[in-house]
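Inspection log for the structure reproduced underneath, given as structure tokens.
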Amino acid sequence: MTERTPRLSRLRRMVPDARAGRPAEARGGRPRRRGAQPKVVALGGGMGLSASLAALRRITGDLTAVVTVADDGGSSGRLRDELGVLPPGDLRKALAALCGDDDWGQTWARVIQHRFQSQGDLHDHAVGNLLIVALWEQLGDHVQALDLVGKLLGAHGRVLPMSAVPLELQALVKGHDPERPDDVDTVRGQAIVALTPGEVQSVHLVPNDPPAVPEAVAAVLDADWVVLGPGSWFSSVIPHLLVPELLDALTETKARRVLSLNLAPQPGETEGFSPQRHLEVLGRHAPKLALDVVLADEAAVPDRDLLTEAAKRLGAAVELAPVARTDGSPRHDPELLAAAYDRIFRMHGRIGPWR
């Protein structure tokens with residue numbers, strides 16, 4: 001028995017309470033009727049998670065986002081430093097991505113994403129960041145406050161932080177100093193790691209054993225599908241695997257697990273990475289985690305055989321689909337990505353009660 005197992009058992013006992021904030025039709029306390037939608041949990045951060053959520057909300061009404069909380073740059077970093085709060089930026093982006101396409105949803109998405117432009121202290125603060133932090137201070141509960149913001153926005157899903165404590169991301173980087181190309185240095189802070197020169201070898205969190213939010217663990221254990229990525233590989237995707245209770249839940253859940261790859265390497269963080277190398281570094285950080293499906297854009301995979309072999313080592317099949325926007329930018333198209341997820345859920349899932 002691992003040291004983490006007792007903690008996961010404790011969180012399992014908290015699952016009924018953790019689900020209490022969800023709509024009755026989204027809770028798992030009773031058998032689902034035929035025609036019910038799949039329970040999907042998406043993990044990540046930043047624009048990668050936003051792209052996944054914008055797609056997933058089109059195919060299920062039972063959607064939970066679990067968001068990294070290691071951001072230390074921009075408005076989030078300033079609020080974190082001044083008030084000691086969780087960085088709200090990635091949580092805000094996830095809420096905006098879950099807004100509907102009607103006037104209400106799109107208006108609120110623009111409002112919470114709006115940034116002040118001034119010569120004073122408010123410059124570059126996002127409205128949504130201030131709203132989230134204000135509700136945290138008013139309610140004293142991260143999850144309750146985010147649920148309330150989601151209700152205000154009419155969000156098509158729920159947003160949860162992966163941990164209730166602010167985290168620092170640290171990376172071991174080879175060649176961070178160009179004058180010492182063979183030396184390995186420790187680089188601190190998500191904003192710096194994301195753009196670091198040199199080769200990121202591994203990342204870890206400080207504190208190194210952060211507590212998971214019980215509702216996030218409950219959602220993973222209760223899911224039909226778990227989607228990891230796309231997003232900044234070392235600073236948004238892998239950090240979820242460094243929270244012990246969350247990793248245990250990802251390992252033990254009965255849900256099928258999909259890993260969604262990026263459309264292109266990220267300058268600095270994963271520059272020069274092949275699709276299969278993304279899988280290799282993820283496997284090194286979580287060697288016991290098995291996957292079911294790896295989703296990649298067919299135009300972004302130069303060697304399908306190499307990717308297939310790397311996916312097999314993680315227990316996964318490869319699904320290639322056109323999921324990029326047609327303007328040539330390395331961004332996912334929400335409709336195409338939704339179609340790819342829907343096909344994966346139908347082809348690779350157990351016979352689902354929603355079909």
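By order in the structure tokens, chains are A, B, ...; within a chain, residues start at 1; ligands start at 1, following the order shown.
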
Point to revise | Shell of 7 Å around A:Leu337, only C-alpha atoms, local chain residues under 5 positions omitted, as JSON, numbers by chain | key: {"A": [55, 323, 332]}

Practice item. Enumerate the residues of stretch 206-304 of chain A with a DSSP assignment of strand (DSSP E or B), computed from the backbone, and present them as a ChimeraX atom specification. Key: /A:206,212,225-228,256-260,293-297

Limited to N, CA, C and O atoms, could you put the picked residues into a file as a tab-separated table (two decimals), in the first residue's frame?
chain	number	residue	atom	x	y	z
A	206	VAL	N	6.20	23.10	-5.56
A	206	VAL	CA	6.50	23.49	-4.18
A	206	VAL	C	5.24	24.13	-3.61
A	206	VAL	O	4.75	25.11	-4.17
A	212	ALA	N	-5.00	18.00	-2.82
A	212	ALA	CA	-5.95	18.18	-3.91
A	212	ALA	C	-7.26	18.72	-3.36
A	212	ALA	O	-7.63	18.47	-2.21
A	225	TRP	N	-15.27	10.06	-18.74
A	225	TRP	CA	-14.10	10.39	-19.54
A	225	TRP	C	-13.28	11.47	-18.83
A	225	TRP	O	-13.85	12.40	-18.26
A	226	VAL	N	-11.96	11.34	-18.88
A	226	VAL	CA	-11.05	12.36	-18.40
A	226	VAL	C	-10.19	12.80	-19.58
A	226	VAL	O	-9.62	11.97	-20.29
A	227	VAL	N	-10.13	14.12	-19.79
A	227	VAL	CA	-9.36	14.68	-20.90
A	227	VAL	C	-8.22	15.51	-20.32
A	227	VAL	O	-8.43	16.42	-19.52
A	228	LEU	N	-6.99	15.19	-20.72
A	228	LEU	CA	-5.80	15.90	-20.26
A	228	LEU	C	-5.17	16.57	-21.48
A	228	LEU	O	-4.91	15.93	-22.49
A	256	ARG	N	-12.41	6.48	-18.91
A	256	ARG	CA	-11.43	6.41	-19.98
A	256	ARG	C	-10.65	7.73	-20.02
A	256	ARG	O	-11.21	8.79	-19.75
A	257	ARG	N	-9.36	7.65	-20.40
A	257	ARG	CA	-8.48	8.81	-20.34
A	257	ARG	C	-8.00	9.17	-21.74
A	257	ARG	O	-7.42	8.33	-22.44
A	258	VAL	N	-8.21	10.43	-22.11
A	258	VAL	CA	-7.78	10.95	-23.41
A	258	VAL	C	-6.69	11.99	-23.18
A	258	VAL	O	-6.85	12.89	-22.35
A	259	LEU	N	-5.60	11.88	-23.92
A	259	LEU	CA	-4.57	12.91	-23.91
A	259	LEU	C	-4.63	13.64	-25.25
A	259	LEU	O	-4.50	13.02	-26.31
A	260	SER	N	-4.85	14.94	-25.19
A	260	SER	CA	-4.96	15.75	-26.41
A	260	SER	C	-3.66	16.52	-26.62
A	260	SER	O	-3.27	17.34	-25.78
A	293	VAL	N	-6.57	6.87	-25.09
A	293	VAL	CA	-6.53	7.46	-26.43
A	293	VAL	C	-5.60	8.66	-26.42
A	293	VAL	O	-5.61	9.46	-25.47
A	294	VAL	N	-4.79	8.79	-27.46
A	294	VAL	CA	-4.01	10.00	-27.71
A	294	VAL	C	-4.58	10.65	-28.96
A	294	VAL	O	-4.61	10.03	-30.03
A	295	LEU	N	-5.04	11.90	-28.82
A	295	LEU	CA	-5.62	12.63	-29.94
A	295	LEU	C	-4.61	13.64	-30.46
A	295	LEU	O	-4.04	14.41	-29.70
A	296	ALA	N	-4.41	13.64	-31.78
A	296	ALA	CA	-3.47	14.58	-32.40
A	296	ALA	C	-4.03	15.04	-33.73
A	296	ALA	O	-4.80	14.32	-34.38
A	297	ASP	N	-3.65	16.24	-34.12
A	297	ASP	CA	-4.01	16.72	-35.45
A	297	ASP	C	-3.17	15.99	-36.49
A	297	ASP	O	-1.95	15.87	-36.34

Could you build a table of the residues in stretch 181-290 of chain A lying no more than 7 Å from stretch 70-73 of chain A, giving for each the nearest pair of atoms and their separation in Å rounded to one decimal place, using only C-alpha atoms, ordered by chain and ascending residue number, as a Markdown table?
| residue | atom | partner | partner_atom | distance |
| --- | --- | --- | --- | --- |
| A:Gly189 | CA | A:Asp72 | CA | 6.4 |
| A:Gln190 | CA | A:Asp71 | CA | 5.5 |
| A:Ala191 | CA | A:Gly73 | CA | 5.5 |

Study note, to complete from the structure: Using only C-alpha atoms, the shortest atom-to-atom distance to A:Arg78 among A:Arg331, A:Arg313, A:Arg110, A:His123 belongs to A:His123

Check your understanding: Which residue gives the smallest distance to A:Asp62 among A:Glu319, A:Asp222, A:Glu335, A:Asp305, with only C-alpha atoms counted?
Key ->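 Among the listed residues, the smallest separation from A:Asp62 belongs to A:Asp222.
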
Which residues, written as a PDB file with all heavy atoms, in the first residue's frame, have at least one atom at most 10 Å from A:Cys99, with only C-alpha atoms counted and residues fewer than 2 positions away on the same chain left out?
ATOM      1  N   LEU A  53     -12.343  23.007 -23.423  1.00  0.00           N
ATOM      2  CA  LEU A  53     -13.653  23.251 -22.824  1.00  0.00           C
ATOM      3  C   LEU A  53     -14.639  23.803 -23.846  1.00  0.00           C
ATOM      4  O   LEU A  53     -15.822  23.438 -23.842  1.00  0.00           O
ATOM      5  CB  LEU A  53     -13.519  24.228 -21.653  1.00  0.00           C
ATOM      6  CG  LEU A  53     -12.722  23.729 -20.449  1.00  0.00           C
ATOM      7  CD1 LEU A  53     -12.565  24.842 -19.425  1.00  0.00           C
ATOM      8  CD2 LEU A  53     -13.384  22.515 -19.814  1.00  0.00           C
ATOM      9  N   ALA A  54     -14.175  24.702 -24.712  1.00  0.00           N
ATOM     10  CA  ALA A  54     -15.062  25.257 -25.740  1.00  0.00           C
ATOM     11  C   ALA A  54     -15.592  24.165 -26.659  1.00  0.00           C
ATOM     12  O   ALA A  54     -16.711  24.264 -27.179  1.00  0.00           O
ATOM     13  CB  ALA A  54     -14.320  26.321 -26.544  1.00  0.00           C
ATOM     14  N   ARG A  57     -18.018  21.503 -24.223  1.00  0.00           N
ATOM     15  CA  ARG A  57     -19.343  21.997 -23.821  1.00  0.00           C
ATOM     16  C   ARG A  57     -20.364  21.864 -24.950  1.00  0.00           C
ATOM     17  O   ARG A  57     -21.562  21.944 -24.715  1.00  0.00           O
ATOM     18  CB  ARG A  57     -19.266  23.447 -23.357  1.00  0.00           C
ATOM     19  CG  ARG A  57     -18.952  24.483 -24.422  1.00  0.00           C
ATOM     20  CD  ARG A  57     -19.074  25.887 -23.839  1.00  0.00           C
ATOM     21  NE  ARG A  57     -18.585  26.932 -24.726  1.00  0.00           N
ATOM     22  CZ  ARG A  57     -19.273  27.448 -25.733  1.00  0.00           C
ATOM     23  NH1 ARG A  57     -20.497  27.009 -26.001  1.00  0.00           N
ATOM     24  NH2 ARG A  57     -18.759  28.410 -26.484  1.00  0.00           N
ATOM     25  N   ALA A  94     -11.066  29.491 -17.938  1.00  0.00           N
ATOM     26  CA  ALA A  94     -11.913  28.306 -18.048  1.00  0.00           C
ATOM     27  C   ALA A  94     -13.386  28.682 -17.967  1.00  0.00           C
ATOM     28  O   ALA A  94     -14.219  28.169 -18.728  1.00  0.00           O
ATOM     29  CB  ALA A  94     -11.553  27.305 -16.953  1.00  0.00           C
ATOM     30  N   LEU A  95     -13.728  29.573 -17.051  1.00  0.00           N
ATOM     31  CA  LEU A  95     -15.123  30.026 -16.935  1.00  0.00           C
ATOM     32  C   LEU A  95     -15.566  30.714 -18.220  1.00  0.00           C
ATOM     33  O   LEU A  95     -16.692  30.496 -18.694  1.00  0.00           O
ATOM     34  CB  LEU A  95     -15.268  30.964 -15.747  1.00  0.00           C
ATOM     35  CG  LEU A  95     -15.262  30.293 -14.369  1.00  0.00           C
ATOM     36  CD1 LEU A  95     -14.976  31.309 -13.274  1.00  0.00           C
ATOM     37  CD2 LEU A  95     -16.599  29.596 -14.108  1.00  0.00           C
ATOM     38  N   ALA A  96     -14.712  31.539 -18.801  1.00  0.00           N
ATOM     39  CA  ALA A  96     -15.065  32.218 -20.044  1.00  0.00           C
ATOM     40  C   ALA A  96     -15.293  31.219 -21.172  1.00  0.00           C
ATOM     41  O   ALA A  96     -16.210  31.372 -21.989  1.00  0.00           O
ATOM     42  CB  ALA A  96     -13.972  33.213 -20.428  1.00  0.00           C
ATOM     43  N   ALA A  97     -14.470  30.168 -21.213  1.00  0.00           N
ATOM     44  CA  ALA A  97     -14.622  29.158 -22.261  1.00  0.00           C
ATOM     45  C   ALA A  97     -15.919  28.383 -22.133  1.00  0.00           C
ATOM     46  O   ALA A  97     -16.440  27.852 -23.124  1.00  0.00           O
ATOM     47  CB  ALA A  97     -13.432  28.197 -22.226  1.00  0.00           C
ATOM     48  N   ASP A 101     -22.926  30.449 -26.360  1.00  0.00           N
ATOM     49  CA  ASP A 101     -22.789  31.257 -27.565  1.00  0.00           C
ATOM     50  C   ASP A 101     -23.904  32.282 -27.721  1.00  0.00           C
ATOM     51  O   ASP A 101     -23.921  33.028 -28.708  1.00  0.00           O
ATOM     52  CB  ASP A 101     -22.763  30.345 -28.798  1.00  0.00           C
ATOM     53  CG  ASP A 101     -21.520  29.448 -28.822  1.00  0.00           C
ATOM     54  OD1 ASP A 101     -20.448  29.928 -28.409  1.00  0.00           O
ATOM     55  OD2 ASP A 101     -21.645  28.285 -29.237  1.00  0.00           O
ATOM     56  N   ASP A 102     -24.843  32.336 -26.758  1.00  0.00           N
ATOM     57  CA  ASP A 102     -25.913  33.328 -26.824  1.00  0.00           C
ATOM     58  C   ASP A 102     -25.391  34.690 -26.356  1.00  0.00           C
ATOM     59  O   ASP A 102     -24.249  34.827 -25.925  1.00  0.00           O
ATOM     60  CB  ASP A 102     -27.112  32.880 -25.971  1.00  0.00           C
ATOM     61  CG  ASP A 102     -26.740  32.623 -24.523  1.00  0.00           C
ATOM     62  OD1 ASP A 102     -25.541  32.713 -24.177  1.00  0.00           O
ATOM     63  OD2 ASP A 102     -27.649  32.335 -23.724  1.00  0.00           O
ATOM     64  N   ASP A 103     -26.236  35.723 -26.442  1.00  0.00           N
ATOM     65  CA  ASP A 103     -25.799  37.076 -26.084  1.00  0.00           C
ATOM     66  C   ASP A 103     -25.343  37.156 -24.630  1.00  0.00           C
ATOM     67  O   ASP A 103     -24.353  37.828 -24.312  1.00  0.00           O
ATOM     68  CB  ASP A 103     -26.940  38.081 -26.320  1.00  0.00           C
ATOM     69  CG  ASP A 103     -27.195  38.328 -27.795  1.00  0.00           C
ATOM     70  OD1 ASP A 103     -26.304  37.997 -28.610  1.00  0.00           O
ATOM     71  OD2 ASP A 103     -28.282  38.834 -28.138  1.00  0.00           O
ATOM     72  N   TRP A 104     -26.083  36.484 -23.723  1.00  0.00           N
ATOM     73  CA  TRP A 104     -25.730  36.511 -22.303  1.00  0.00           C
ATOM     74  C   TRP A 104     -24.331  35.934 -22.090  1.00  0.00           C
ATOM     75  O   TRP A 104     -23.467  36.545 -21.462  1.00  0.00           O
ATOM     76  CB  TRP A 104     -26.764  35.731 -21.488  1.00  0.00           C
ATOM     77  CG  TRP A 104     -26.477  35.704 -20.009  1.00  0.00           C
ATOM     78  CD1 TRP A 104     -25.698  34.817 -19.331  1.00  0.00           C
ATOM     79  CD2 TRP A 104     -26.967  36.627 -19.033  1.00  0.00           C
ATOM     80  NE1 TRP A 104     -25.680  35.112 -17.989  1.00  0.00           N
ATOM     81  CE2 TRP A 104     -26.444  36.218 -17.779  1.00  0.00           C
ATOM     82  CE3 TRP A 104     -27.806  37.754 -19.096  1.00  0.00           C
ATOM     83  CZ2 TRP A 104     -26.731  36.901 -16.607  1.00  0.00           C
ATOM     84  CZ3 TRP A 104     -28.092  38.426 -17.917  1.00  0.00           C
ATOM     85  CH2 TRP A 104     -27.555  38.002 -16.683  1.00  0.00           C
ATOM     86  N   GLY A 105     -24.117  34.750 -22.638  1.00  0.00           N
ATOM     87  CA  GLY A 105     -22.842  34.085 -22.435  1.00  0.00           C
ATOM     88  C   GLY A 105     -21.690  34.856 -23.036  1.00  0.00           C
ATOM     89  O   GLY A 105     -20.637  35.026 -22.405  1.00  0.00           O
ATOM     90  N   GLN A 106     -21.847  35.339 -24.262  1.00  0.00           N
ATOM     91  CA  GLN A 106     -20.750  36.039 -24.915  1.00  0.00           C
ATOM     92  C   GLN A 106     -20.478  37.402 -24.282  1.00  0.00           C
ATOM     93  O   GLN A 106     -19.325  37.852 -24.217  1.00  0.00           O
ATOM     94  CB  GLN A 106     -21.041  36.183 -26.403  1.00  0.00           C
ATOM     95  CG  GLN A 106     -20.965  34.863 -27.159  1.00  0.00           C
ATOM     96  CD  GLN A 106     -19.643  34.161 -26.929  1.00  0.00           C
ATOM     97  OE1 GLN A 106     -18.586  34.657 -27.339  1.00  0.00           O
ATOM     98  NE2 GLN A 106     -19.664  33.003 -26.272  1.00  0.00           N
ATOM     99  N   THR A 107     -21.534  38.069 -23.793  1.00  0.00           N
ATOM    100  CA  THR A 107     -21.330  39.347 -23.101  1.00  0.00           C
ATOM    101  C   THR A 107     -20.515  39.137 -21.832  1.00  0.00           C
ATOM    102  O   THR A 107     -19.533  39.845 -21.571  1.00  0.00           O
ATOM    103  CB  THR A 107     -22.678  40.002 -22.758  1.00  0.00           C
ATOM    104  OG1 THR A 107     -23.375  40.301 -23.972  1.00  0.00           O
ATOM    105  CG2 THR A 107     -22.465  41.291 -21.966  1.00  0.00           C
ATOM    106  N   TRP A 108     -20.896  38.140 -21.029  1.00  0.00           N
ATOM    107  CA  TRP A 108     -20.179  37.895 -19.785  1.00  0.00           C
ATOM    108  C   TRP A 108     -18.770  37.376 -20.041  1.00  0.00           C
ATOM    109  O   TRP A 108     -17.832  37.689 -19.286  1.00  0.00           O
ATOM    110  CB  TRP A 108     -20.955  36.929 -18.900  1.00  0.00           C
ATOM    111  CG  TRP A 108     -21.967  37.631 -18.059  1.00  0.00           C
ATOM    112  CD1 TRP A 108     -23.322  37.583 -18.171  1.00  0.00           C
ATOM    113  CD2 TRP A 108     -21.695  38.528 -16.975  1.00  0.00           C
ATOM    114  NE1 TRP A 108     -23.916  38.388 -17.230  1.00  0.00           N
ATOM    115  CE2 TRP A 108     -22.941  38.972 -16.478  1.00  0.00           C
ATOM    116  CE3 TRP A 108     -20.529  39.000 -16.381  1.00  0.00           C
ATOM    117  CZ2 TRP A 108     -23.044  39.866 -15.412  1.00  0.00           C
ATOM    118  CZ3 TRP A 108     -20.620  39.886 -15.324  1.00  0.00           C
ATOM    119  CH2 TRP A 108     -21.866  40.311 -14.849  1.00  0.00           C
ATOM    120  N   ALA A 109     -18.584  36.598 -21.101  1.00  0.00           N
ATOM    121  CA  ALA A 109     -17.232  36.140 -21.438  1.00  0.00           C
ATOM    122  C   ALA A 109     -16.331  37.333 -21.722  1.00  0.00           C
ATOM    123  O   ALA A 109     -15.180  37.385 -21.280  1.00  0.00           O
ATOM    124  CB  ALA A 109     -17.275  35.198 -22.640  1.00  0.00           C
ATOM    125  N   ARG A 110     -16.851  38.316 -22.469  1.00  0.00           N
ATOM    126  CA  ARG A 110     -16.056  39.513 -22.756  1.00  0.00           C
ATOM    127  C   ARG A 110     -15.799  40.322 -21.490  1.00  0.00           C
ATOM    128  O   ARG A 110     -14.698  40.851 -21.289  1.00  0.00           O
ATOM    129  CB  ARG A 110     -16.758  40.379 -23.802  1.00  0.00           C
ATOM    130  CG  ARG A 110     -16.775  39.770 -25.203  1.00  0.00           C
ATOM    131  CD  ARG A 110     -17.204  40.787 -26.231  1.00  0.00           C
ATOM    132  NE  ARG A 110     -18.560  41.272 -25.989  1.00  0.00           N
ATOM    133  CZ  ARG A 110     -19.657  40.713 -26.491  1.00  0.00           C
ATOM    134  NH1 ARG A 110     -19.552  39.628 -27.256  1.00  0.00           N
ATOM    135  NH2 ARG A 110     -20.849  41.216 -26.235  1.00  0.00           N
ATOM    136  N   GLY A 150     -19.803  30.855 -11.921  1.00  0.00           N
ATOM    137  CA  GLY A 150     -20.335  30.062 -13.019  1.00  0.00           C
ATOM    138  C   GLY A 150     -21.830  30.228 -13.191  1.00  0.00           C
ATOM    139  O   GLY A 150     -22.339  30.298 -14.311  1.00  0.00           O
ATOM    140  N   LEU A 153     -22.534  33.577 -14.833  1.00  0.00           N
ATOM    141  CA  LEU A 153     -22.197  33.582 -16.256  1.00  0.00           C
ATOM    142  C   LEU A 153     -23.079  32.647 -17.080  1.00  0.00           C
ATOM    143  O   LEU A 153     -23.092  32.737 -18.307  1.00  0.00           O
ATOM    144  CB  LEU A 153     -20.743  33.155 -16.446  1.00  0.00           C
ATOM    145  CG  LEU A 153     -19.660  34.219 -16.378  1.00  0.00           C
ATOM    146  CD1 LEU A 153     -19.722  35.041 -15.110  1.00  0.00           C
ATOM    147  CD2 LEU A 153     -18.276  33.581 -16.527  1.00  0.00           C
ATOM    148  N   GLY A 154     -23.809  31.744 -16.403  1.00  0.00           N
ATOM    149  CA  GLY A 154     -24.536  30.715 -17.136  1.00  0.00           C
ATOM    150  C   GLY A 154     -23.578  29.716 -17.758  1.00  0.00           C
ATOM    151  O   GLY A 154     -23.820  29.199 -18.859  1.00  0.00           O
ATOM    152  N   ALA A 155     -22.483  29.431 -17.050  1.00  0.00           N
ATOM    153  CA  ALA A 155     -21.442  28.551 -17.588  1.00  0.00           C
ATOM    154  C   ALA A 155     -21.980  27.149 -17.813  1.00  0.00           C
ATOM    155  O   ALA A 155     -22.746  26.624 -17.008  1.00  0.00           O
ATOM    156  CB  ALA A 155     -20.250  28.511 -16.637  1.00  0.00           C
ATOM    157  N   HIS A 156     -21.545  26.526 -18.901  1.00  0.00           N
ATOM    158  CA  HIS A 156     -21.966  25.173 -19.263  1.00  0.00           C
ATOM    159  C   HIS A 156     -21.005  24.162 -18.655  1.00  0.00           C
ATOM    160  O   HIS A 156     -20.366  23.376 -19.367  1.00  0.00           O
ATOM    161  CB  HIS A 156     -22.026  25.025 -20.782  1.00  0.00           C
ATOM    162  CG  HIS A 156     -23.073  25.859 -21.437  1.00  0.00           C
ATOM    163  ND1 HIS A 156     -24.129  25.330 -22.143  1.00  0.00           N
ATOM    164  CD2 HIS A 156     -23.250  27.209 -21.470  1.00  0.00           C
ATOM    165  CE1 HIS A 156     -24.893  26.306 -22.601  1.00  0.00           C
ATOM    166  NE2 HIS A 156     -24.372  27.453 -22.208  1.00  0.00           N
ATOM    167  N   GLY A 157     -20.876  24.184 -17.340  1.00  0.00           N
ATOM    168  CA  GLY A 157     -19.966  23.284 -16.662  1.00  0.00           C
ATOM    169  C   GLY A 157     -19.466  23.918 -15.380  1.00  0.00           C
ATOM    170  O   GLY A 157     -19.828  25.045 -15.023  1.00  0.00           O
TER     171      GLY A 157
END

Point to revise | Point-to-point distance in Å for atom CA of A:Ala194 and atom CA of A:His176 | key: 12.4 Å

Check your understanding: Of the candidates A:Gln117, A:Leu263, A:Asp182, A:Ala51, which one gets nearest to A:Ser329 if we count only C-alpha atoms?
Key ->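 Using only C-alpha atoms, A:Ser329 sits closest to A:Leu263.
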